[in-house]
$ cat structure-v1.txt   # compact mmCIF, C-alpha atoms
# COMPACT_ATOMS: atom_id res chain seq x y z
CA MET A 35 2.54 1.38 -4.84
CA LYS A 36 1.98 -1.66 -7.02
CA ALA A 37 -1.17 -3.01 -8.67
CA GLN A 38 -1.95 -5.81 -11.09
CA VAL A 39 -3.36 -4.32 -14.29
CA ASN A 40 -4.63 -6.89 -16.82
CA GLY A 41 -2.29 -9.47 -15.35
CA THR A 42 0.82 -7.24 -15.32
CA SER A 43 2.37 -5.71 -12.20
CA ARG A 44 2.48 -1.90 -12.51
CA ASP A 45 3.97 0.84 -10.36
CA LEU A 46 1.26 3.43 -9.82
CA ALA A 47 1.33 6.72 -7.93
CA ASP A 48 -0.60 6.76 -4.66
CA GLY A 49 -4.16 7.90 -5.29
CA THR A 50 -4.31 6.66 -8.89
CA SER A 51 -7.95 6.39 -9.98
CA VAL A 52 -9.57 3.66 -12.04
CA ALA A 53 -10.09 6.27 -14.78
CA ALA A 54 -6.33 6.86 -14.89
CA VAL A 55 -5.66 3.13 -15.24
CA VAL A 56 -8.18 2.89 -18.08
CA ALA A 57 -6.31 5.68 -19.87
CA LEU A 58 -2.98 4.01 -19.07
CA VAL A 59 -3.88 0.78 -20.89
CA GLY A 60 -5.13 2.73 -23.91
CA ALA A 61 -8.73 1.55 -23.72
CA PRO A 62 -11.13 2.68 -26.46
CA GLU A 63 -13.79 5.28 -25.63
CA LYS A 64 -16.72 2.90 -25.73
CA GLY A 65 -17.44 -0.72 -24.92
CA VAL A 66 -15.06 -0.95 -21.95
CA ALA A 67 -15.68 -2.26 -18.44
CA VAL A 68 -13.49 -2.44 -15.36
CA ALA A 69 -13.31 -4.82 -12.41
CA LEU A 70 -11.36 -3.94 -9.26
CA ASP A 71 -10.59 -6.87 -6.97
CA GLY A 72 -13.24 -9.02 -8.65
CA ALA A 73 -16.11 -6.51 -8.62
CA VAL A 74 -17.36 -4.32 -11.47
CA VAL A 75 -16.70 -0.60 -11.07
CA PRO A 76 -19.50 1.31 -12.85
CA LYS A 77 -18.20 3.89 -15.32
CA ALA A 78 -19.70 6.72 -13.28
CA LEU A 79 -17.37 5.79 -10.41
CA TRP A 80 -14.12 5.43 -12.38
CA GLY A 81 -12.94 8.94 -11.47
CA SER A 82 -13.65 8.64 -7.77
CA THR A 83 -12.48 5.06 -7.23
CA ILE A 84 -8.86 4.86 -6.06
CA VAL A 85 -6.82 1.73 -6.82
CA PRO A 86 -5.45 0.40 -3.51
CA ASP A 87 -1.91 -0.96 -3.05
CA GLY A 88 -1.94 -4.56 -4.27
CA GLY A 89 -5.23 -4.00 -6.11
CA VAL A 90 -6.15 -6.19 -9.07
CA VAL A 91 -7.60 -4.28 -12.01
CA GLU A 92 -9.10 -5.87 -15.12
CA VAL A 93 -9.97 -3.65 -18.10
CA LEU A 94 -12.01 -5.53 -20.69
CA THR A 95 -13.57 -4.79 -24.05
CA ALA A 96 -15.46 -6.69 -26.74
CA VAL A 97 -13.51 -8.50 -29.47
CA GLN A 98 -14.45 -10.89 -32.26
CA GLY A 99 -15.38 -14.24 -30.79
CA GLY A 100 -17.92 -16.97 -30.34
CA MET B 236 -45.04 -16.12 -43.38
CA ASP B 237 -44.80 -14.39 -40.00
CA ASP B 238 -42.90 -16.79 -37.77
CA PRO B 239 -40.59 -14.80 -35.52
CA LEU B 240 -38.10 -16.26 -33.08
CA ILE B 241 -39.01 -15.01 -29.61
CA ILE B 242 -36.47 -15.10 -26.79
CA ALA B 243 -37.27 -13.39 -23.49
CA GLY B 244 -40.03 -11.41 -25.20
CA ARG B 245 -37.78 -10.08 -27.97
CA GLU B 246 -38.69 -10.89 -31.56
CA PHE B 247 -36.21 -11.78 -34.28
CA ARG B 248 -37.10 -12.43 -37.90
CA SER B 249 -33.92 -14.42 -38.42
CA ARG B 250 -33.46 -17.76 -36.70
CA LEU B 251 -29.74 -17.73 -37.34
CA ILE B 252 -27.50 -16.40 -34.58
CA THR B 253 -23.89 -15.99 -35.60
CA GLY B 254 -20.52 -15.55 -33.98
CA THR B 255 -17.83 -13.16 -35.10
CA GLY B 256 -14.78 -15.32 -34.36
CA GLY B 257 -12.58 -16.86 -37.03
CA ALA B 258 -13.13 -14.34 -39.85
CA ALA B 259 -9.99 -13.37 -41.76
CA ASN B 260 -10.84 -9.68 -41.49
CA LEU B 261 -13.76 -7.32 -40.81
CA SER B 262 -14.68 -6.94 -44.45
CA VAL B 263 -15.08 -10.71 -44.90
CA LEU B 264 -17.06 -10.80 -41.67
CA GLU B 265 -19.34 -8.00 -42.82
CA ARG B 266 -20.21 -9.70 -46.10
CA ALA B 267 -20.83 -13.02 -44.35
CA LEU B 268 -23.05 -11.47 -41.67
CA VAL B 269 -25.13 -9.58 -44.24
CA ALA B 270 -25.54 -12.70 -46.39
CA SER B 271 -26.59 -14.75 -43.35
CA GLY B 272 -29.39 -12.33 -42.46
CA THR B 273 -28.54 -12.60 -38.76
CA GLU B 274 -29.95 -10.11 -36.27
CA LEU B 275 -28.03 -11.29 -33.19
CA THR B 276 -24.29 -11.92 -33.06
CA THR B 277 -21.85 -12.88 -30.34
CA VAL B 278 -18.70 -11.10 -29.24
CA ALA B 279 -16.13 -12.12 -26.61
CA MET B 280 -14.81 -10.05 -23.71
CA ARG B 281 -11.03 -9.73 -23.47
CA ARG B 282 -8.42 -7.64 -21.69
CA VAL B 283 -7.71 -4.38 -23.49
CA ASP B 284 -4.48 -4.43 -25.45
CA ALA B 285 -3.18 -3.22 -28.80
CA ALA B 286 -4.99 -6.08 -30.57
CA SER B 287 -8.38 -5.36 -29.03
CA ARG B 288 -9.21 -2.35 -31.23
CA THR B 289 -10.87 -4.50 -33.87
CA GLY B 290 -13.87 -2.31 -34.59
CA VAL B 291 -16.24 -5.26 -34.33
CA LEU B 292 -18.72 -3.31 -32.19
CA GLU B 293 -18.80 -0.44 -34.68
CA LEU B 294 -19.40 -2.94 -37.48
CA LEU B 295 -22.34 -4.58 -35.71
CA ARG B 296 -23.84 -1.19 -34.84
CA ARG B 297 -23.57 -0.07 -38.46
CA LEU B 298 -25.25 -3.27 -39.67
CA GLY B 299 -28.03 -2.95 -37.07
CA ILE B 300 -27.15 -6.33 -35.55
CA GLU B 301 -27.74 -6.85 -31.82
CA VAL B 302 -24.67 -7.74 -29.76
CA LEU B 303 -24.72 -10.89 -27.64
CA PRO B 304 -21.67 -10.99 -25.35
CA ASN B 305 -20.37 -14.40 -24.41
CA THR B 306 -18.24 -15.68 -21.55
CA ALA B 307 -15.94 -17.71 -23.80
CA GLY B 308 -12.73 -18.76 -22.12
CA CYS B 309 -14.23 -18.95 -18.62
CA ARG B 310 -13.57 -22.15 -16.68
CA THR B 311 -15.41 -21.43 -13.44
CA SER B 312 -18.76 -20.05 -12.42
CA ALA B 313 -17.05 -17.11 -10.69
CA GLU B 314 -15.13 -16.16 -13.85
CA ALA B 315 -18.24 -16.41 -15.99
CA VAL B 316 -20.35 -14.32 -13.62
CA LEU B 317 -17.73 -11.53 -13.47
CA THR B 318 -17.28 -11.62 -17.26
CA ALA B 319 -21.04 -11.35 -17.79
CA GLN B 320 -21.23 -8.43 -15.37
CA LEU B 321 -18.36 -6.69 -17.18
CA ALA B 322 -20.08 -7.29 -20.53
CA ARG B 323 -23.30 -5.80 -19.19
CA GLU B 324 -21.39 -2.71 -18.06
CA ALA B 325 -19.40 -2.39 -21.29
CA LEU B 326 -22.13 -3.18 -23.81
CA GLU B 327 -25.27 -2.08 -21.96
CA THR B 328 -27.08 -5.37 -22.46
CA ASN B 329 -28.25 -7.83 -19.84
CA TRP B 330 -28.20 -10.66 -22.38
CA VAL B 331 -25.37 -13.15 -22.14
CA LYS B 332 -24.36 -16.31 -23.93
CA LEU B 333 -23.11 -18.26 -20.94
CA GLU B 334 -20.13 -20.45 -21.70
CA VAL B 335 -18.21 -22.31 -18.99
CA VAL B 336 -15.95 -24.90 -20.57
CA HIS B 337 -14.00 -27.62 -18.82
CA ASP B 338 -10.83 -28.02 -20.89
CA GLU B 339 -9.13 -26.80 -24.04
CA GLU B 340 -9.11 -30.12 -25.92
CA THR B 341 -12.87 -30.60 -26.00
CA LEU B 342 -14.21 -27.16 -25.03
CA LEU B 343 -17.13 -29.11 -23.61
CA PRO B 344 -19.30 -27.31 -21.06
CA ASP B 345 -18.64 -28.00 -17.37
CA PRO B 346 -22.18 -28.85 -16.24
CA VAL B 347 -21.61 -28.15 -12.54
CA GLU B 348 -20.04 -24.72 -13.04
CA LEU B 349 -22.51 -23.89 -15.83
CA LEU B 350 -25.61 -24.53 -13.76
CA ASP B 351 -24.19 -22.59 -10.83
CA ALA B 352 -23.31 -19.60 -13.03
CA ALA B 353 -26.73 -19.70 -14.72
CA GLU B 354 -28.51 -19.57 -11.39
CA ARG B 355 -26.39 -16.64 -10.16
CA LEU B 356 -26.79 -14.65 -13.37
CA VAL B 357 -30.56 -15.16 -13.52
CA ALA B 358 -30.74 -13.94 -9.91
CA ASP B 359 -28.69 -10.90 -10.96
CA GLY B 360 -31.22 -9.98 -13.67
CA PHE B 361 -29.52 -11.42 -16.75
CA VAL B 362 -31.21 -12.98 -19.76
CA VAL B 363 -29.11 -16.15 -19.76
CA LEU B 364 -28.57 -18.23 -22.92
CA PRO B 365 -26.39 -21.15 -21.80
CA TYR B 366 -24.17 -23.17 -24.12
CA THR B 367 -24.75 -26.68 -22.81
CA ASN B 368 -24.11 -30.34 -23.47
CA ASP B 369 -26.65 -32.32 -25.49
CA ASP B 370 -27.97 -33.62 -22.18
CA PRO B 371 -31.76 -33.47 -21.77
CA VAL B 372 -31.52 -33.52 -17.98
CA LEU B 373 -29.09 -30.62 -17.80
CA ALA B 374 -31.17 -28.70 -20.34
CA ARG B 375 -34.20 -29.12 -18.12
CA LYS B 376 -32.29 -27.98 -15.04
CA LEU B 377 -31.02 -24.88 -16.86
CA GLU B 378 -34.58 -24.05 -17.83
CA ASP B 379 -35.72 -24.63 -14.24
CA VAL B 380 -33.25 -22.07 -12.86
CA GLY B 381 -34.67 -19.48 -15.25
CA CYS B 382 -32.59 -19.51 -18.43
CA ALA B 383 -34.33 -17.77 -21.34
CA ALA B 384 -33.23 -20.47 -23.81
CA VAL B 385 -31.05 -23.56 -23.79
CA MET B 386 -28.30 -24.01 -26.34
CA PRO B 387 -27.12 -27.62 -26.65
CA LEU B 388 -24.13 -28.46 -28.79
CA GLY B 389 -24.36 -30.61 -31.89
CA SER B 390 -20.69 -31.54 -31.45
CA PRO B 391 -17.67 -29.77 -29.93
CA ILE B 392 -16.97 -26.14 -30.88
CA GLY B 393 -15.24 -25.70 -34.21
CA THR B 394 -15.25 -29.39 -35.17
CA GLY B 395 -17.87 -29.19 -37.90
CA LEU B 396 -18.93 -32.72 -36.96
CA GLY B 397 -22.62 -31.84 -37.15
CA ILE B 398 -25.24 -33.23 -34.78
CA ARG B 399 -23.74 -36.34 -33.18
CA ASN B 400 -26.81 -37.25 -31.14
CA PRO B 401 -29.95 -36.13 -32.96
CA HIS B 402 -32.12 -38.17 -30.61
CA ASN B 403 -30.88 -36.20 -27.59
CA ILE B 404 -31.54 -32.92 -29.39
CA GLU B 405 -35.06 -34.12 -30.18
CA LEU B 406 -35.56 -35.14 -26.54
CA ILE B 407 -34.52 -31.65 -25.48
CA THR B 408 -36.75 -29.85 -28.01
CA SER B 409 -39.74 -32.07 -27.24
CA ARG B 410 -39.73 -31.17 -23.55
CA ALA B 411 -38.35 -27.63 -23.46
CA GLY B 412 -40.56 -24.73 -22.46
CA VAL B 413 -37.99 -22.21 -23.72
CA PRO B 414 -36.44 -21.90 -27.19
CA VAL B 415 -33.75 -24.47 -27.97
CA VAL B 416 -30.82 -23.11 -29.98
CA LEU B 417 -28.44 -25.62 -31.56
CA ASP B 418 -25.06 -24.15 -30.70
CA ALA B 419 -21.72 -25.50 -31.94
CA GLY B 420 -20.64 -28.27 -34.26
CA ILE B 421 -22.43 -27.14 -37.42
CA GLY B 422 -20.25 -27.96 -40.43
CA THR B 423 -22.45 -27.30 -43.41
CA ALA B 424 -25.94 -26.31 -44.43
CA SER B 425 -27.55 -29.73 -43.99
CA ASP B 426 -26.49 -29.75 -40.31
CA ALA B 427 -28.33 -26.46 -39.75
CA ALA B 428 -31.41 -27.73 -41.58
CA LEU B 429 -31.40 -30.90 -39.47
CA ALA B 430 -31.25 -28.86 -36.27
CA MET B 431 -34.38 -27.01 -37.28
CA GLU B 432 -36.11 -30.22 -38.37
CA LEU B 433 -35.39 -31.66 -34.92
CA GLY B 434 -37.40 -28.79 -33.44
CA CYS B 435 -34.74 -26.25 -32.58
CA ALA B 436 -35.96 -22.66 -32.58
CA ALA B 437 -32.68 -21.32 -33.93
CA VAL B 438 -29.10 -22.19 -34.81
CA LEU B 439 -25.96 -20.48 -33.52
CA LEU B 440 -22.82 -20.92 -35.57
CA ALA B 441 -19.58 -19.14 -36.38
CA THR B 442 -16.75 -21.30 -37.66
CA ALA B 443 -18.86 -23.02 -40.33
CA VAL B 444 -19.27 -19.62 -41.99
CA THR B 445 -16.21 -17.61 -41.01
CA ARG B 446 -13.73 -20.35 -41.90
CA ALA B 447 -15.54 -21.61 -45.01
CA GLN B 448 -13.67 -21.11 -48.28
CA ASP B 449 -16.31 -18.54 -49.26
CA PRO B 450 -17.79 -17.15 -46.02
CA GLU B 451 -20.30 -14.91 -47.79
CA ARG B 452 -21.74 -17.76 -49.82
CA MET B 453 -21.80 -20.07 -46.77
CA GLY B 454 -23.60 -17.34 -44.82
CA ALA B 455 -26.28 -17.33 -47.49
CA ALA B 456 -26.38 -21.14 -47.46
CA MET B 457 -26.95 -21.20 -43.70
CA ARG B 458 -29.73 -18.64 -44.01
CA CYS B 459 -31.51 -20.85 -46.56
CA ALA B 460 -30.85 -24.01 -44.53
CA VAL B 461 -32.33 -22.58 -41.34
CA GLU B 462 -35.36 -21.26 -43.22
CA GLY B 463 -35.80 -24.56 -45.08
CA GLY B 464 -35.43 -26.67 -41.95
CA ARG B 465 -37.89 -24.49 -40.06
CA LEU B 466 -40.46 -24.72 -42.86
CA ALA B 467 -40.03 -28.50 -43.04
CA ARG B 468 -40.52 -28.80 -39.30
CA LEU B 469 -43.71 -26.73 -39.45
CA ALA B 470 -44.93 -28.59 -42.55
CA GLY B 471 -44.64 -31.96 -40.82
CA ARG B 472 -42.53 -34.60 -42.50
CA ILE B 473 -43.92 -37.91 -43.77
CA PRO B 474 -43.42 -40.97 -41.58
CA ARG B 475 -40.47 -43.19 -42.43
CA ARG B 476 -41.57 -46.45 -44.13
CA PHE B 477 -39.71 -49.70 -44.55
CA TRP B 478 -41.14 -50.51 -47.98
CA ALA B 479 -41.50 -48.30 -50.99
CA GLN B 480 -44.78 -46.57 -51.65
CA ALA B 481 -45.42 -45.50 -55.24
CA SER B 482 -46.16 -41.85 -55.70
CA SER B 483 -47.67 -42.39 -59.17
CA PRO B 484 -51.02 -44.16 -59.65
CA GLY B 485 -50.54 -47.93 -60.05
CA LEU B 486 -53.39 -48.40 -62.55
CA ARG B 487 -53.48 -48.12 -66.36
CA VAL B 488 -49.78 -48.77 -66.85
CA ALA B 489 -48.72 -49.73 -70.38
CA THR B 490 -47.27 -53.21 -70.17
CA VAL B 491 -45.16 -55.41 -72.39
CA GLY B 492 -45.42 -59.14 -71.88
CA THR B 493 -46.37 -60.17 -68.34
CA HIS B 494 -45.17 -57.08 -66.39
CA VAL B 495 -47.98 -55.79 -64.17
CA LEU B 496 -47.10 -53.22 -61.53
CA GLY B 497 -49.67 -52.32 -58.90
CA GLU B 498 -52.39 -54.34 -60.63
CA ASP B 499 -52.99 -57.78 -59.14

$ encode --input "structure-v1.txt" --output "structure tokens"
Amino acid sequence: MKAQVNGTSRDLADGTSVAAVVALVGAPEKGVAVALDGAVVPKALWGSTIVPDGGVVEVLTAVQGG
Amino acid sequence: MDDPLIIAGREFRSRLITGTGGAANLSVLERALVASGTELTTVAMRRVDAASRTGVLELLRRLGIEVLPNTAGCRTSAEAVLTAQLAREALETNWVKLEVVHDEETLLPDPVELLDAAERLVADGFVVLPYTNDDPVLARKLEDVGCAAVMPLGSPIGTGLGIRNPHNIELITSRAGVPVVLDAGIGTASDAALAMELGCAAVLLATAVTRAQDPERMGAAMRCAVEGGRLARLAGRIPRRFWAQASSPGLRVATVGTHVLGED
């Protein structure tokens, strides 16, 4: 199945969790948050939340700015 | 003198809030932040990629500086609300510098989207610090929907043009029931001092320090300027006069010929 991860189309195995996507993009250990289809997924639910076909995942962290 | 800045019940000894953008590297940023004395500093939220491992969070933690996430880059209320919610999740703070800009050329706030986002975020439990136009009416409306401070611009972000409409800033500070933070446009120390003299509770700046030729020294300059401006505001300036008024006594002046000053 396909999902949009940080604006890029990715082929993911069926049943891929949010936690797996976070690992896939190489996110740092701390200071990271995830939105799936426009809603925040709390960190405690990353492992149990499955990315659906056509899902839109955003993985964000803090950078220098402002 | 004990004169803390209080926003949403939190006390800060420093009235200078800084950004982290624009610094050449983390070591320059660290020296500038320390010299500025800031206790609250903004970061932006961006998609994770190879360039996002900057270590800025670790730096701020090590320096004991509170993190204030912003919603820089957001163009709509919906984007800003989601970004703020992501920042809350990532950084474990419900404080947000709300930024909703209209276009890249001016980076001016979009008042309609801004007010909408502010209202939604306040309802969602955020401490909202909105970056706003120097518009007294909009500032009042932002306060009315529950923002913890209002942060009018002096001039557009990164321009260093100073405070283009001091009268508007004074109108905002004279009527606000929440702290007013002059945000954006500061070019040099006198701009920061003026903001405080106009009644602002604090100044937020980044570029003026991070892109100065000597960021560390400019950080120190801004610290002094904010402190000086605040003291001057509290001290109460003299009224402006059209004619001169001698500060030395006019009597008993040694004269040559017919010169008599202050003695008629």

$ residues_near_point --input "structure-v1.txt" --point "(-17.1, -0.4, -21.3)" --cutoff "9 Å" --atoms "all atoms listed in the file" --output "CSV table (one decimal) with C-alpha atoms, in the frame of the given file"
chain,number,residue,atom,x,y,z
A,61,ALA,CA,-8.7,1.6,-23.7
A,62,PRO,CA,-11.1,2.7,-26.5
A,63,GLU,CA,-13.8,5.3,-25.6
A,64,LYS,CA,-16.7,2.9,-25.7
A,65,GLY,CA,-17.4,-0.7,-24.9
A,66,VAL,CA,-15.1,-1.0,-22.0
A,67,ALA,CA,-15.7,-2.3,-18.4
A,68,VAL,CA,-13.5,-2.4,-15.4
A,76,PRO,CA,-19.5,1.3,-12.8
A,77,LYS,CA,-18.2,3.9,-15.3
A,93,VAL,CA,-10.0,-3.6,-18.1
A,94,LEU,CA,-12.0,-5.5,-20.7
A,95,THR,CA,-13.6,-4.8,-24.0
A,96,ALA,CA,-15.5,-6.7,-26.7
B,321,LEU,CA,-18.4,-6.7,-17.2
B,322,ALA,CA,-20.1,-7.3,-20.5
B,323,ARG,CA,-23.3,-5.8,-19.2
B,324,GLU,CA,-21.4,-2.7,-18.1
B,325,ALA,CA,-19.4,-2.4,-21.3
B,326,LEU,CA,-22.1,-3.2,-23.8
B,327,GLU,CA,-25.3,-2.1,-22.0

$ residues_around --input "structure-v1.txt" --residues "range 402-417 of chain B" --least-positions-apart "6" --cutoff "8 Å" --atoms "only C-alpha atoms" --output "list of chain:residue names"
B:Ile241, B:Ile242, B:Asp369, B:Asp370, B:Pro371, B:Ala374, B:Arg375, B:Glu378, B:Ala383, B:Ala384, B:Val385, B:Met386, B:Pro387, B:Leu388, B:Gly389, B:Ala430, B:Leu433, B:Gly434, B:Cys435, B:Ala436, B:Ala437, B:Val438, B:Leu439

$ atom_distance --input "structure-v1.txt" --atom1 "CA of Glu246 in chain B" --atom2 "CA of Ser262 in chain B"
27.5 Å

$ interface_residues --input "structure-v1.txt" --of "chain B" --to "chain A" --cutoff "9 Å" --atoms "only C-alpha atoms" --output "PDB file with C-alpha atoms, in the frame of the given file"
ATOM      1  CA  THR B 253     -23.890 -15.990 -35.600  1.00  0.00           C
ATOM      2  CA  GLY B 254     -20.520 -15.550 -33.980  1.00  0.00           C
ATOM      3  CA  THR B 255     -17.830 -13.160 -35.100  1.00  0.00           C
ATOM      4  CA  GLY B 256     -14.780 -15.320 -34.360  1.00  0.00           C
ATOM      5  CA  GLY B 257     -12.580 -16.860 -37.030  1.00  0.00           C
ATOM      6  CA  ALA B 258     -13.130 -14.340 -39.850  1.00  0.00           C
ATOM      7  CA  THR B 276     -24.290 -11.920 -33.060  1.00  0.00           C
ATOM      8  CA  THR B 277     -21.850 -12.880 -30.340  1.00  0.00           C
ATOM      9  CA  VAL B 278     -18.700 -11.100 -29.240  1.00  0.00           C
ATOM     10  CA  ALA B 279     -16.130 -12.120 -26.610  1.00  0.00           C
ATOM     11  CA  MET B 280     -14.810 -10.050 -23.710  1.00  0.00           C
ATOM     12  CA  ARG B 281     -11.030  -9.730 -23.470  1.00  0.00           C
ATOM     13  CA  ARG B 282      -8.420  -7.640 -21.690  1.00  0.00           C
ATOM     14  CA  VAL B 283      -7.710  -4.380 -23.490  1.00  0.00           C
ATOM     15  CA  ASP B 284      -4.480  -4.430 -25.450  1.00  0.00           C
ATOM     16  CA  ALA B 285      -3.180  -3.220 -28.800  1.00  0.00           C
ATOM     17  CA  ALA B 286      -4.990  -6.080 -30.570  1.00  0.00           C
ATOM     18  CA  SER B 287      -8.380  -5.360 -29.030  1.00  0.00           C
ATOM     19  CA  ARG B 288      -9.210  -2.350 -31.230  1.00  0.00           C
ATOM     20  CA  THR B 289     -10.870  -4.500 -33.870  1.00  0.00           C
ATOM     21  CA  GLY B 290     -13.870  -2.310 -34.590  1.00  0.00           C
ATOM     22  CA  VAL B 291     -16.240  -5.260 -34.330  1.00  0.00           C
ATOM     23  CA  LEU B 292     -18.720  -3.310 -32.190  1.00  0.00           C
ATOM     24  CA  PRO B 304     -21.670 -10.990 -25.350  1.00  0.00           C
ATOM     25  CA  ASN B 305     -20.370 -14.400 -24.410  1.00  0.00           C
ATOM     26  CA  THR B 306     -18.240 -15.680 -21.550  1.00  0.00           C
ATOM     27  CA  ALA B 307     -15.940 -17.710 -23.800  1.00  0.00           C
ATOM     28  CA  LEU B 317     -17.730 -11.530 -13.470  1.00  0.00           C
ATOM     29  CA  THR B 318     -17.280 -11.620 -17.260  1.00  0.00           C
ATOM     30  CA  GLN B 320     -21.230  -8.430 -15.370  1.00  0.00           C
ATOM     31  CA  LEU B 321     -18.360  -6.690 -17.180  1.00  0.00           C
ATOM     32  CA  ALA B 322     -20.080  -7.290 -20.530  1.00  0.00           C
ATOM     33  CA  ARG B 323     -23.300  -5.800 -19.190  1.00  0.00           C
ATOM     34  CA  GLU B 324     -21.390  -2.710 -18.060  1.00  0.00           C
ATOM     35  CA  ALA B 325     -19.400  -2.390 -21.290  1.00  0.00           C
ATOM     36  CA  LEU B 326     -22.130  -3.180 -23.810  1.00  0.00           C
ATOM     37  CA  GLU B 327     -25.270  -2.080 -21.960  1.00  0.00           C
ATOM     38  CA  LEU B 440     -22.820 -20.920 -35.570  1.00  0.00           C
ATOM     39  CA  ALA B 441     -19.580 -19.140 -36.380  1.00  0.00           C
ATOM     40  CA  THR B 442     -16.750 -21.300 -37.660  1.00  0.00           C
TER      41      THR B 442
END

$ atom_distance --input "structure-v1.txt" --atom1 "CA of Val91 in chain A" --atom2 "CA of Ala315 in chain B"
16.6 Å

$ closest_residue --input "structure-v1.txt" --among "B:Thr273, B:Thr341, B:Leu240, B:Arg250" --to "Ser390 in chain B" --atoms "all atoms listed in the file"
B:Thr341

$ residues_around --input "structure-v1.txt" --residues "Pro344 in chain B" --least-positions-apart "4" --cutoff "9 Å" --atoms "only C-alpha atoms" --output "number ranges by chain"
B: 310, 334-338, 348-349, 366-368

$ residues_around --input "structure-v1.txt" --residues "Lys36 in chain A" --least-positions-apart "5" --cutoff "7 Å" --atoms "all atoms listed in the file" --output "PyMOL selection string"
chain A and resi 43-46+87-88

$ atom_distance --input "structure-v1.txt" --atom1 "CA of Ala481 in chain B" --atom2 "CA of Thr493 in chain B"
19.7 Å

$ residues_around --input "structure-v1.txt" --residues "Ser51 in chain A" --least-positions-apart "3" --cutoff "6 Å" --atoms "all atoms listed in the file" --output "PyMOL selection string"
chain A and resi 54+81+83-85

$ closest_residue --input "structure-v1.txt" --among "B:Met431, B:Ala259, B:Ala489, B:Ala447" --to "Ala467 in chain B" --atoms "only C-alpha atoms"
B:Met431

$ closest_residue --input "structure-v1.txt" --among "B:Ala479, B:Val331, B:Ala358, B:Val444" --to "Leu268 in chain B" --atoms "all atoms listed in the file"
B:Val444

$ closest_residue --input "structure-v1.txt" --among "B:Val372, B:Ala243, B:Leu333, B:Ala443" --to "Leu396 in chain B" --atoms "all atoms listed in the file"
B:Ala443

$ closest_residue --input "structure-v1.txt" --among "B:Leu429, B:Leu294, B:Ala470, B:Leu350" --to "Asn260 in chain B" --atoms "all atoms listed in the file"
B:Leu294

$ build_atoms --input "structure-v1.txt" --residues "range 279-283 of chain B" --atoms "all heavy atoms" --output "PDB file, in the frame of the given file"
ATOM      1  N   ALA B 279     -16.802 -11.662 -27.832  1.00  0.00           N
ATOM      2  CA  ALA B 279     -16.130 -12.120 -26.610  1.00  0.00           C
ATOM      3  C   ALA B 279     -15.612 -10.924 -25.838  1.00  0.00           C
ATOM      4  O   ALA B 279     -15.436  -9.831 -26.404  1.00  0.00           O
ATOM      5  CB  ALA B 279     -14.989 -13.061 -26.980  1.00  0.00           C
ATOM      6  N   MET B 280     -15.382 -11.110 -24.547  1.00  0.00           N
ATOM      7  CA  MET B 280     -14.810 -10.050 -23.710  1.00  0.00           C
ATOM      8  C   MET B 280     -13.363 -10.404 -23.388  1.00  0.00           C
ATOM      9  O   MET B 280     -13.075 -11.482 -22.884  1.00  0.00           O
ATOM     10  CB  MET B 280     -15.609  -9.921 -22.402  1.00  0.00           C
ATOM     11  CG  MET B 280     -17.061  -9.519 -22.574  1.00  0.00           C
ATOM     12  SD  MET B 280     -17.288  -7.919 -23.389  1.00  0.00           S
ATOM     13  CE  MET B 280     -16.552  -6.796 -22.183  1.00  0.00           C
ATOM     14  N   ARG B 281     -12.455  -9.475 -23.702  1.00  0.00           N
ATOM     15  CA  ARG B 281     -11.030  -9.730 -23.470  1.00  0.00           C
ATOM     16  C   ARG B 281     -10.358  -8.501 -22.881  1.00  0.00           C
ATOM     17  O   ARG B 281     -10.846  -7.389 -23.036  1.00  0.00           O
ATOM     18  CB  ARG B 281     -10.332 -10.107 -24.786  1.00  0.00           C
ATOM     19  CG  ARG B 281     -10.696 -11.485 -25.318  1.00  0.00           C
ATOM     20  CD  ARG B 281     -10.149 -12.611 -24.435  1.00  0.00           C
ATOM     21  NE  ARG B 281     -10.531 -13.930 -24.918  1.00  0.00           N
ATOM     22  CZ  ARG B 281     -11.645 -14.584 -24.603  1.00  0.00           C
ATOM     23  NH1 ARG B 281     -12.522 -14.018 -23.777  1.00  0.00           N
ATOM     24  NH2 ARG B 281     -11.901 -15.777 -25.085  1.00  0.00           N
ATOM     25  N   ARG B 282      -9.212  -8.742 -22.221  1.00  0.00           N
ATOM     26  CA  ARG B 282      -8.420  -7.640 -21.690  1.00  0.00           C
ATOM     27  C   ARG B 282      -8.038  -6.677 -22.807  1.00  0.00           C
ATOM     28  O   ARG B 282      -7.693  -7.113 -23.903  1.00  0.00           O
ATOM     29  CB  ARG B 282      -7.148  -8.179 -21.043  1.00  0.00           C
ATOM     30  CG  ARG B 282      -7.386  -8.845 -19.703  1.00  0.00           C
ATOM     31  CD  ARG B 282      -6.138  -9.551 -19.238  1.00  0.00           C
ATOM     32  NE  ARG B 282      -6.247  -9.976 -17.844  1.00  0.00           N
ATOM     33  CZ  ARG B 282      -5.409 -10.816 -17.267  1.00  0.00           C
ATOM     34  NH1 ARG B 282      -4.397 -11.332 -17.956  1.00  0.00           N
ATOM     35  NH2 ARG B 282      -5.566 -11.143 -16.001  1.00  0.00           N
ATOM     36  N   VAL B 283      -8.095  -5.397 -22.511  1.00  0.00           N
ATOM     37  CA  VAL B 283      -7.710  -4.380 -23.490  1.00  0.00           C
ATOM     38  C   VAL B 283      -6.220  -4.470 -23.775  1.00  0.00           C
ATOM     39  O   VAL B 283      -5.402  -4.508 -22.861  1.00  0.00           O
ATOM     40  CB  VAL B 283      -8.035  -2.963 -22.948  1.00  0.00           C
ATOM     41  CG1 VAL B 283      -7.392  -1.900 -23.814  1.00  0.00           C
ATOM     42  CG2 VAL B 283      -9.534  -2.753 -22.877  1.00  0.00           C
TER      43      VAL B 283
END
